[in-house]
Every structure is written in C-alpha cells, then in structure tokens.
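Dumped start23.cif below, it's mmCIF, C-alpha atoms:
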data_my_file
loop_
_atom_site.label_atom_id
_atom_site.label_comp_id
_atom_site.auth_asym_id
_atom_site.auth_seq_id
_atom_site.Cartn_x
_atom_site.Cartn_y
_atom_site.Cartn_z
CA GLY A 276 14.44 -9.74 -16.94
CA THR A 277 15.29 -6.14 -17.74
CA ALA A 278 16.45 -3.22 -15.63
CA ALA A 279 14.45 -0.20 -16.82
CA VAL A 280 15.65 2.32 -14.23
CA GLY A 281 18.43 2.06 -11.68
CA PRO A 282 19.47 1.09 -9.29
CA ILE A 283 19.39 4.71 -8.17
CA SER A 284 20.32 6.09 -4.77
CA LEU A 285 17.74 8.01 -2.77
CA PRO A 286 18.30 9.49 0.70
CA PRO A 287 17.12 6.45 2.73
CA GLY A 288 18.14 3.66 0.28
CA ARG A 289 18.28 2.45 -3.31
CA ALA A 290 15.55 1.59 -5.82
CA ALA A 291 15.19 0.06 -9.26
CA LEU A 292 12.36 -0.38 -11.74
CA LEU A 293 12.53 -3.77 -13.47
CA ALA A 294 10.54 -5.96 -15.84
CA ASP A 295 10.25 -9.74 -15.86
CA ARG A 296 10.85 -11.84 -18.97
CA ASP A 297 7.29 -11.22 -20.21
CA GLY A 298 7.39 -7.46 -19.59
CA ALA A 299 5.46 -7.17 -16.28
CA THR A 300 7.05 -4.24 -14.46
CA PHE A 301 7.85 -4.12 -10.74
CA GLY A 302 10.01 -2.10 -8.40
CA ILE A 303 12.48 -3.14 -5.72
CA TRP A 304 13.72 -1.21 -2.70
CA GLU A 305 16.75 -1.63 -0.46
CA GLY A 306 16.95 0.47 2.67
CA GLU A 307 14.82 1.90 5.43
CA LEU A 308 11.10 1.37 4.97
CA PHE A 309 8.99 3.26 7.47
CA SER A 310 9.57 4.45 10.99
CA ASP A 311 6.19 3.09 12.14
CA TRP A 312 5.91 -0.20 10.22
CA ASP A 313 3.06 -1.62 12.34
CA ALA A 314 0.83 1.41 11.65
CA TRP A 315 1.66 1.34 7.92
CA ARG A 316 0.89 -2.39 7.58
CA THR A 317 -2.84 -1.71 8.10
CA LYS A 318 -2.87 0.63 5.08
CA ARG A 319 -0.85 -1.52 2.68
CA PRO A 320 -2.41 -3.38 -0.23
CA ALA A 321 -4.43 -6.45 0.74
CA PHE A 322 -2.30 -8.40 -1.75
CA ILE A 323 -0.93 -8.22 -5.29
CA ARG A 324 -1.67 -10.53 -8.20
CA LEU A 325 0.49 -11.22 -11.24
CA HIS A 326 -1.27 -11.88 -14.54
CA PRO A 327 1.51 -13.60 -16.55
CA ARG A 328 1.51 -15.50 -19.80
CA ASP A 329 2.92 -18.55 -17.97
CA ALA A 330 2.46 -18.76 -14.18
CA PHE A 331 4.93 -21.60 -13.71
CA ASP A 332 7.69 -19.72 -15.55
CA ALA A 333 6.85 -16.52 -13.65
CA ALA A 334 6.99 -18.33 -10.29
CA ILE A 335 10.43 -19.71 -11.15
CA PHE A 336 11.68 -16.25 -12.25
CA TYR A 337 10.44 -14.42 -9.13
CA GLY A 338 11.42 -17.30 -6.86
CA GLU A 339 14.99 -17.11 -8.12
CA ILE A 340 15.40 -13.34 -7.85
CA PHE A 341 13.62 -12.99 -4.49
CA GLU A 342 14.99 -16.29 -3.09
CA TRP A 343 11.56 -17.57 -2.05
CA ALA A 344 12.94 -21.03 -1.36
CA SER A 345 15.64 -19.73 1.01
CA GLY A 346 13.49 -20.15 4.12
CA GLN A 347 13.29 -16.40 4.82
CA GLY A 348 9.68 -16.57 5.97
CA CYS A 349 8.03 -17.10 2.58
CA GLU A 350 5.89 -20.09 1.74
CA VAL A 351 5.06 -20.76 -1.92
CA ARG A 352 2.36 -23.25 -2.91
CA TYR A 353 0.38 -24.13 -6.00
CA GLU A 354 -3.30 -23.86 -5.01
CA GLY A 355 -6.01 -24.46 -7.57
CA ASP A 356 -5.11 -22.36 -10.58
CA GLU A 357 -2.65 -20.07 -8.78
CA VAL A 358 0.79 -19.93 -7.26
CA VAL A 359 0.26 -18.41 -3.80
CA LEU A 360 2.97 -16.66 -1.77
CA ARG A 361 2.44 -16.33 1.99
CA HIS A 362 4.46 -14.46 4.59
CA GLU A 363 3.80 -15.36 8.24
CA GLY A 364 0.68 -17.24 7.08
CA GLU A 365 -0.84 -14.26 5.26
CA VAL A 366 -1.20 -14.22 1.47
CA VAL A 367 0.84 -11.35 0.01
CA ALA A 368 0.92 -12.32 -3.67
CA ARG A 369 -0.83 -14.57 -6.16
CA ILE A 370 0.33 -15.60 -9.61
CA GLU A 371 -2.56 -16.57 -11.87
CA SER A 372 -2.34 -19.54 -14.13
CA GLY A 373 -4.15 -20.68 -17.21
CA ALA A 374 -5.41 -24.19 -17.72
CA LEU A 375 -2.85 -26.75 -16.62
CA GLY A 376 -0.75 -27.82 -19.60
CA ALA A 377 -2.16 -25.09 -21.87
CA ALA A 378 0.17 -22.98 -23.95
CA PRO A 379 0.82 -19.43 -22.66
CA ASP A 380 -1.83 -16.98 -23.89
CA PRO A 381 -0.23 -14.51 -26.35
CA ALA A 382 -3.13 -12.08 -25.83
CA VAL A 383 -2.31 -11.59 -22.14
CA ARG A 384 -0.36 -8.40 -21.43
CA PRO A 385 1.55 -9.43 -18.30
CA HIS A 386 1.07 -7.08 -15.34
CA TRP A 387 0.82 -6.87 -11.57
CA GLN A 388 -2.60 -5.94 -10.17
CA VAL A 389 -2.74 -4.27 -6.74
CA HIS A 390 -5.73 -5.11 -4.49
CA PHE A 391 -6.71 -2.74 -1.66
CA ALA A 392 -9.18 -3.69 1.08
CA VAL A 393 -11.88 -1.02 1.58
CA GLU A 394 -14.92 -0.67 3.83
CA ASP A 395 -17.39 0.11 1.02
CA VAL A 396 -16.63 -0.94 -2.57
CA THR A 397 -19.55 1.02 -4.09
CA ALA A 398 -18.64 4.26 -2.30
CA CYS A 399 -15.00 3.84 -3.32
CA ALA A 400 -15.99 3.27 -6.97
CA ARG A 401 -18.26 6.34 -6.86
CA ALA A 402 -15.40 8.47 -5.50
CA ALA A 403 -12.97 7.10 -8.09
CA SER A 404 -15.34 7.89 -10.98
CA ALA A 405 -15.05 11.63 -10.19
CA ARG A 406 -11.44 11.72 -11.47
CA GLY A 407 -10.85 8.27 -12.92
CA SER A 408 -13.01 5.45 -14.20
CA VAL A 409 -14.72 2.28 -13.02
CA LEU A 410 -13.79 -0.64 -15.27
CA SER A 411 -15.94 -3.19 -13.45
CA LEU A 412 -18.10 -3.15 -10.34
CA GLY A 413 -19.32 -6.17 -8.42
CA ALA A 414 -20.75 -6.64 -4.94
CA ASP A 415 -17.35 -7.43 -3.38
CA GLU A 416 -14.86 -5.95 -5.80
CA ALA A 417 -14.29 -3.12 -8.30
CA VAL A 418 -11.54 -2.61 -10.86
CA LEU A 419 -10.70 1.09 -11.09
CA ARG A 420 -8.41 3.31 -13.15
CA ASP A 421 -6.98 6.56 -11.80
CA ALA A 422 -6.71 9.79 -13.81
CA ASP A 423 -3.21 8.82 -15.00
CA GLY A 424 -4.33 5.40 -16.26
CA ALA A 425 -3.07 3.19 -13.41
CA GLN A 426 -5.42 0.25 -12.85
CA PHE A 427 -6.07 -1.25 -9.40
CA THR A 428 -8.69 -3.29 -7.56
CA VAL A 429 -10.60 -2.53 -4.37
CA THR A 430 -12.18 -5.36 -2.45
CA ALA A 431 -14.55 -5.52 0.51
CA ARG A 432 -12.83 -8.54 1.98
CA ARG A 433 -9.32 -9.82 2.40
CA LEU A 434 -9.13 -12.14 -0.59
CA GLY A 435 -5.51 -12.71 0.29
CA SER A 436 -6.21 -14.79 3.36
#
Rewritten as structure tokens:
Amino acid sequence: GTAAVGPISLPPGRAALLADRDGATFGIWEGELFSDWDAWRTKRPAFIRLHPRDAFDAAIFYGEIFEWASGQGCEVRYEGDEVVLRHEGEVVARIESGALGAAPDPAVRPHWQVHFAVEDVTACARAASARGSVLSLGADEAVLRDADGAQFTVTARRLGS
C-alpha cells in the first residue's frame, strides 16, 4: 500500500490517509474516539463495502494490516460473492468479488462505499438532490453524491446484518 498523508498528530491521537495496492483510499486513527461511544454507534454507517479489482487479494491485504485473524473480535468469512467482516456478530464491512476464478476487472476503480441506514430513502434522496445528486434510486437504496463529489449509499434496512 501507500501512505498518502501522515501519520500526523492531532490533539486526541494520530491519523493517516492510506491507499491499498489497487489505489482504494482509507484512513486510520489511533487514539481517543468519542466520549459517548454508545450514543455515537447508532449514528455510524450501517456498513462499508470495498469494490476492489480482486477481492481475495484485498482481503489478504486488509487482513494483514488490521490483523483480522488475530482473534481480536473480528470474524472473516467468504459468503456468496463477498468477503464479509463481522464484529460481535454484526457485519461492519463487505469486500465484493467478481466471478470465482475470473481475472481482476481492469475497468473497476477500487474504492470504499459507505452505506448509511435511513428511515426514508426517497426523502433522503430528495434532500440530497438540493445540493448534490442522485446517481440511482431504488425502493430500498439510493446512491448519492454530495456537492463536493463524495459518493455514498443510503439504505432503508440494515444490509449489513
């Protein structure tokens, strides 16, 4: 991988912006998180999904750097076409895969996609269109882009579980 920024020191800890071997960017944090973690957990993303060129290679990369196999409360399984990471039984991340045995897709621009659970997908998409854009809208899910170009997904259900 590549270190793009940092590590840099901030008042409550240290942070770095990194990229995996295919160029998907992600950040890491070391230090104090939140004073009221239980309250914040209800507002966090439902889960995150990695769209890599090669899911197996990505799972090995992230597993090595985050020590998924160390028994620190993470469970990693291959389910269907995805590598699924659970913490305390709850899905927190998914790594998509192409067809088993297929060559990595060179057209895929690797990236992490954040999924937020919302009460009303249509109302959320309507609100987002005032300053951003709606890339796709379905009954249960919408892919949105904010005014600065960041893409994210809102979902009416917890797809992570």
On this structure, which residues satisfy the PyMOL selection byres ((chain A and resi 279-282) around 6), written as a list in words?
Ala278, Ile283, Ala290, Ala291, Leu292 and Leu293 of chain A
Which residues would end up in the selection if the PyMOL selection byres ((chain A and resi 284-288) around 6) were applied here, given that I need the answer as a list in words?
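Against this file, the PyMOL selection byres ((chain A and resi 284-288) around 6) returns the residues Ile283, Arg289, Glu305, Gly306 and Glu307 of chain A.
Interatomic distance, atom CA of A:Ala417 to atom CA of A:Val429: 5.4 Å.
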So what do you get for atom CA of A:Leu419 versus atom CA of A:Cys399, distance-wise?
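Atom CA of A:Cys399 lies at a distance of 9.3 Å from atom CA of A:Leu419.
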Of the candidates A:Val367, A:Ala414, A:Ala405, A:Ile335, which one gets nearest to A:Val389 if we count only C-alpha atoms?
A:Val367
Suppose a student applies the PyMOL selection byres ((chain A and resi 325) around 8) to this structure; what residues should they get, written as a PyMOL selection string?
chain A and resi 323-324+326-327+368-371+385-388
Local residues around (-19.4, -0.1, 4.4), at most 12 Å away, using only C-alpha atoms, as a ChimeraX atom specification:
/A:392-399,414-415,430-432
Restricting the calculation to all atoms listed in the file: of A:Leu410, A:Ile303, A:Ala425, A:Val358, which residue gets closest to A:Asp329?
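Of the candidates, the smallest distance to A:Asp329 is held by A:Val358.
Atom pair atom CA of A:Val359 / atom CA of A:Val409: separated by 27.2 Å.
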